[in-house]
>>> print(open('upload.csv').read())   # CSV, C-alpha atoms
chain,number,residue,atom,x,y,z
A,1,MET,CA,-17.3,12.5,25.1
A,2,ALA,CA,-16.8,13.1,21.3
A,3,THR,CA,-19.6,14.6,19.3
A,4,THR,CA,-20.8,12.7,16.3
A,5,ARG,CA,-21.2,14.8,13.3
A,6,THR,CA,-24.1,13.8,11.0
A,7,ASP,CA,-24.6,17.0,9.0
A,8,PRO,CA,-25.0,16.6,5.2
A,9,LEU,CA,-21.5,17.8,4.4
A,10,THR,CA,-19.8,15.4,6.8
A,11,LEU,CA,-21.9,12.5,5.5
A,12,GLU,CA,-21.0,13.4,1.9
A,13,VAL,CA,-17.3,13.6,2.7
A,14,VAL,CA,-17.4,10.2,4.5
A,15,GLU,CA,-19.2,8.7,1.5
A,16,LEU,CA,-16.7,10.2,-1.0
A,17,ILE,CA,-13.8,8.8,1.0
A,18,GLY,CA,-15.4,5.4,1.0
A,19,THR,CA,-16.0,5.5,-2.7
A,20,VAL,CA,-12.3,6.5,-3.4
A,21,VAL,CA,-11.0,3.7,-1.2
A,22,ALA,CA,-13.4,1.1,-2.8
A,23,ARG,CA,-12.3,2.2,-6.3
A,24,TYR,CA,-8.7,2.0,-5.4
A,25,TYR,CA,-9.0,-1.5,-4.1
A,26,GLU,CA,-11.1,-2.6,-7.0
A,27,GLU,CA,-8.5,-1.3,-9.5
A,28,TYR,CA,-5.7,-2.9,-7.4
A,29,ASP,CA,-7.4,-6.3,-7.4
A,30,GLU,CA,-7.9,-6.0,-11.2
A,31,ALA,CA,-4.3,-5.2,-11.8
A,32,ALA,CA,-3.2,-8.0,-9.5
A,33,ALA,CA,-5.5,-10.5,-11.3
A,34,ALA,CA,-3.8,-9.5,-14.6
A,35,HIS,CA,-0.6,-10.9,-13.1
A,36,SER,CA,-2.3,-13.9,-11.6
A,37,LEU,CA,-1.9,-12.5,-8.1
A,38,THR,CA,-4.4,-11.8,-5.3
A,39,GLY,CA,-4.8,-8.2,-4.1
A,40,ALA,CA,-3.0,-9.1,-0.9
A,41,GLN,CA,-0.1,-10.7,-2.8
A,42,ALA,CA,0.2,-7.6,-5.0
A,43,ARG,CA,0.1,-5.3,-2.0
A,44,VAL,CA,2.9,-7.3,-0.3
A,45,LEU,CA,5.0,-7.3,-3.5
A,46,GLY,CA,4.5,-3.6,-3.9
A,47,LEU,CA,5.5,-2.9,-0.3
A,48,LEU,CA,8.6,-5.1,-0.6
A,49,SER,CA,9.6,-3.3,-3.8
A,50,LEU,CA,10.1,-0.2,-1.7
A,51,GLU,CA,12.4,-2.0,0.7
A,52,PRO,CA,13.1,-5.5,1.9
A,53,MET,CA,11.6,-6.2,5.3
A,54,PRO,CA,10.8,-8.9,7.9
A,55,MET,CA,7.4,-10.5,8.0
A,56,ARG,CA,6.5,-8.8,11.2
A,57,LYS,CA,7.0,-5.3,9.7
A,58,ILE,CA,5.0,-6.2,6.6
A,59,ALA,CA,2.2,-7.4,8.9
A,60,GLN,CA,2.3,-4.1,10.8
A,61,LYS,CA,2.3,-2.0,7.7
A,62,LEU,CA,-0.7,-3.9,6.2
A,63,LYS,CA,-2.4,-4.3,9.6
A,64,CYS,CA,-2.7,-8.1,9.6
A,65,GLU,CA,-1.4,-11.1,11.3
A,66,PRO,CA,2.2,-12.2,10.6
A,67,SER,CA,1.1,-15.8,10.0
A,68,ASN,CA,-1.0,-14.4,7.0
A,69,ILE,CA,2.1,-12.7,5.6
A,70,THR,CA,4.1,-15.8,5.9
A,71,GLY,CA,1.6,-17.7,3.6
A,72,ILE,CA,1.5,-14.8,1.1
A,73,VAL,CA,5.3,-14.6,1.0
A,74,ASP,CA,5.5,-18.4,0.6
A,75,ARG,CA,3.3,-18.2,-2.5
A,76,LEU,CA,5.2,-15.2,-3.9
A,77,GLU,CA,8.5,-17.1,-3.3
A,78,THR,CA,7.1,-20.2,-5.2
A,79,ARG,CA,6.3,-17.9,-8.1
A,80,GLY,CA,9.9,-16.6,-8.1
A,81,LEU,CA,8.8,-13.0,-7.2
A,82,VAL,CA,10.2,-12.9,-3.7
A,83,GLU,CA,13.1,-14.4,-1.8
A,84,ARG,CA,14.0,-14.6,1.8
A,85,ARG,CA,17.5,-13.4,2.8
A,86,PRO,CA,19.3,-12.8,6.1
A,87,ASP,CA,19.1,-9.3,7.5
A,88,PRO,CA,22.6,-7.8,7.3
A,89,ALA,CA,21.9,-6.0,10.6
A,90,ASP,CA,20.8,-9.2,12.4
A,91,ARG,CA,21.5,-12.5,10.7
A,92,ARG,CA,18.9,-14.2,12.9
A,93,VAL,CA,16.2,-12.2,11.1
A,94,LYS,CA,15.0,-13.1,7.6
A,95,LEU,CA,14.0,-10.3,5.2
A,96,ALA,CA,11.5,-10.8,2.4
A,97,ALA,CA,12.8,-9.1,-0.7
A,98,PRO,CA,11.6,-9.0,-4.3
A,99,THR,CA,13.6,-10.8,-6.9
A,100,GLU,CA,14.4,-9.1,-10.2
A,101,LYS,CA,11.2,-10.6,-11.7
A,102,GLY,CA,9.3,-9.4,-8.6
A,103,SER,CA,10.6,-5.9,-8.9
A,104,ARG,CA,9.5,-5.8,-12.6
A,105,THR,CA,6.1,-7.2,-11.7
A,106,ALA,CA,5.7,-4.6,-8.9
A,107,GLN,CA,6.6,-1.8,-11.4
A,108,GLN,CA,4.1,-3.1,-13.9
A,109,LEU,CA,1.4,-3.2,-11.2
A,110,ARG,CA,2.2,0.4,-10.2
A,111,ASP,CA,2.2,1.5,-13.9
A,112,SER,CA,-1.3,0.0,-14.4
A,113,LEU,CA,-2.9,1.8,-11.4
A,114,THR,CA,-4.4,4.8,-13.2
A,115,PHE,CA,-7.2,5.6,-10.8
A,116,ALA,CA,-4.9,6.6,-7.9
A,117,ARG,CA,-2.9,8.9,-10.2
A,118,GLU,CA,-5.4,10.3,-12.7
A,119,PRO,CA,-7.7,12.2,-10.2
A,120,LEU,CA,-4.6,13.6,-8.6
A,121,ALA,CA,-3.2,14.7,-11.9
A,122,GLU,CA,-6.2,17.2,-12.2
A,123,LEU,CA,-5.1,18.8,-8.9
A,124,SER,CA,-2.4,21.5,-8.6
A,125,ASP,CA,0.6,20.9,-6.4
A,126,GLY,CA,-1.0,23.1,-3.8
A,127,ASP,CA,-4.2,21.1,-3.9
A,128,ARG,CA,-2.4,17.8,-3.5
A,129,ALA,CA,-0.3,19.2,-0.6
A,130,LEU,CA,-3.5,20.4,1.1
A,131,LEU,CA,-5.2,17.0,0.5
A,132,ARG,CA,-2.1,15.2,1.9
A,133,ASP,CA,-2.1,17.5,5.0
A,134,LEU,CA,-5.8,17.1,5.6
A,135,LEU,CA,-5.6,13.3,5.3
A,136,ARG,CA,-2.6,13.3,7.8
A,137,ARG,CA,-4.7,15.4,10.2
A,138,MET,CA,-7.6,13.0,9.9
A,139,LEU,CA,-5.2,10.1,10.7
A,140,GLY,CA,-3.7,12.0,13.7
A,141,GLU,CA,-0.3,12.1,12.1
A,142,SER,CA,2.1,14.9,12.6
A,143,GLY,CA,5.7,15.5,11.7
A,144,PRO,CA,7.7,16.9,8.9
A,145,ARG,CA,5.9,17.6,5.7
A,146,ARG,CA,7.4,16.2,2.5
A,147,ALA,CA,7.2,18.1,-0.7
>>> encode(input="upload.csv", output="structure tokens")
Amino acid sequence: MATTRTDPLTLEVVELIGTVVARYYEEYDEAAAAHSLTGAQARVLGLLSLEPMPMRKIAQKLKCEPSNITGIVDRLETRGLVERRPDPADRRVKLAAPTEKGSRTAQQLRDSLTFAREPLAELSDGDRALLRDLLRRMLGESGPRRA
């Protein structure tokens, strides 16, 4: 049976992590609203700007139901930000991909997210690498470390 840690340091760290996450989502929602998008739409668009992917993979990455993603992609497609195209590896599968306008919008969203970058700018490369490694350990992730 796992031991629950309720010492002051653990409680403070948990509270700080919660505050960082809340500020990140608050800023993301504000940036999305500036482009008349919901936070969820902006997150899908940002994810697709990294690589086109099928709805199921988007849902897995965002930890939600594929049916929700279909509706979000439909709305992004109506706005001319996303298009569906056949997967070159399997033409039965449709990929959601950003249009040129969608890629520009995703870049503008990324550029406006200062909270996620500014606190990290104050940390040295070594501190950022340590933070990354500690977060990976918390998530139970292992594998090759990226510089």
>>> residues_around(input="upload.csv", residues="Arg23 (chain A)", least_positions_apart="4", cutoff="12 Å", atoms="all atoms listed in the file", output="list in words")
Leu16, Ile17, Gly18, Thr19, Glu27, Tyr28, Asp29, Glu30, Leu113, Thr114, Phe115, Ala116 and Pro119 of chain A
>>> write_last_selection(input="upload.csv", atoms="C-alpha atoms", output="PDB file, in the frame of the given file")
ATOM      1  CA  LEU A  16     -16.700  10.200  -1.000  1.00  0.00           C
ATOM      2  CA  ILE A  17     -13.800   8.800   1.000  1.00  0.00           C
ATOM      3  CA  GLY A  18     -15.400   5.400   1.000  1.00  0.00           C
ATOM      4  CA  THR A  19     -16.000   5.500  -2.700  1.00  0.00           C
ATOM      5  CA  GLU A  27      -8.500  -1.300  -9.500  1.00  0.00           C
ATOM      6  CA  TYR A  28      -5.700  -2.900  -7.400  1.00  0.00           C
ATOM      7  CA  ASP A  29      -7.400  -6.300  -7.400  1.00  0.00           C
ATOM      8  CA  GLU A  30      -7.900  -6.000 -11.200  1.00  0.00           C
ATOM      9  CA  LEU A 113      -2.900   1.800 -11.400  1.00  0.00           C
ATOM     10  CA  THR A 114      -4.400   4.800 -13.200  1.00  0.00           C
ATOM     11  CA  PHE A 115      -7.200   5.600 -10.800  1.00  0.00           C
ATOM     12  CA  ALA A 116      -4.900   6.600  -7.900  1.00  0.00           C
ATOM     13  CA  PRO A 119      -7.700  12.200 -10.200  1.00  0.00           C
TER      14      PRO A 119
END
>>> atom_distance(input="upload.csv", atom1="CA of Ser103 (chain A)", atom2="CA of Leu45 (chain A)")
7.9 Å
>>> closest_residue(input="upload.csv", among="A:Met53, A:Val20, A:Gln108, A:Cys64", to="Pro88 (chain A)", atoms="all atoms listed in the file")
A:Met53
>>> atom_distance(input="upload.csv", atom1="CA of Ser112 (chain A)", atom2="CA of Gly46 (chain A)")
12.5 Å
>>> closest_residue(input="upload.csv", among="A:Leu123, A:Leu76, A:Ala97, A:Leu135", to="Leu47 (chain A)", atoms="all atoms listed in the file")
A:Ala97
>>> residues_around(input="upload.csv", residues="Val44 (chain A)", least_positions_apart="5", cutoff="10 Å", atoms="all atoms listed in the file", output="list of chain:residue names")
A:Thr38, A:Gly39, A:Ser49, A:Met55, A:Ile58, A:Ala59, A:Lys61, A:Leu62, A:Ile69, A:Ile72, A:Val73, A:Leu76, A:Val82, A:Ala96, A:Pro98, A:Ala106
>>> atom_distance(input="upload.csv", atom1="CA of Asp127 (chain A)", atom2="CA of Gln107 (chain A)")
26.4 Å
>>> closest_residue(input="upload.csv", among="A:Lys63, A:Arg43, A:Arg79, A:Arg5", to="Gly102 (chain A)", atoms="all atoms listed in the file")
A:Arg79
>>> closest_residue(input="upload.csv", among="A:Thr6, A:Leu120, A:Leu37, A:Asp111", to="Arg132 (chain A)", atoms="only C-alpha atoms")
A:Leu120
>>> closest_residue(input="upload.csv", among="A:Arg92, A:Lys57, A:His35, A:Lys101", to="Gly80 (chain A)", atoms="all atoms listed in the file")
A:Lys101
>>> closest_residue(input="upload.csv", among="A:Arg56, A:Glu118, A:Leu11, A:Thr4", to="Tyr24 (chain A)", atoms="only C-alpha atoms")
A:Glu118
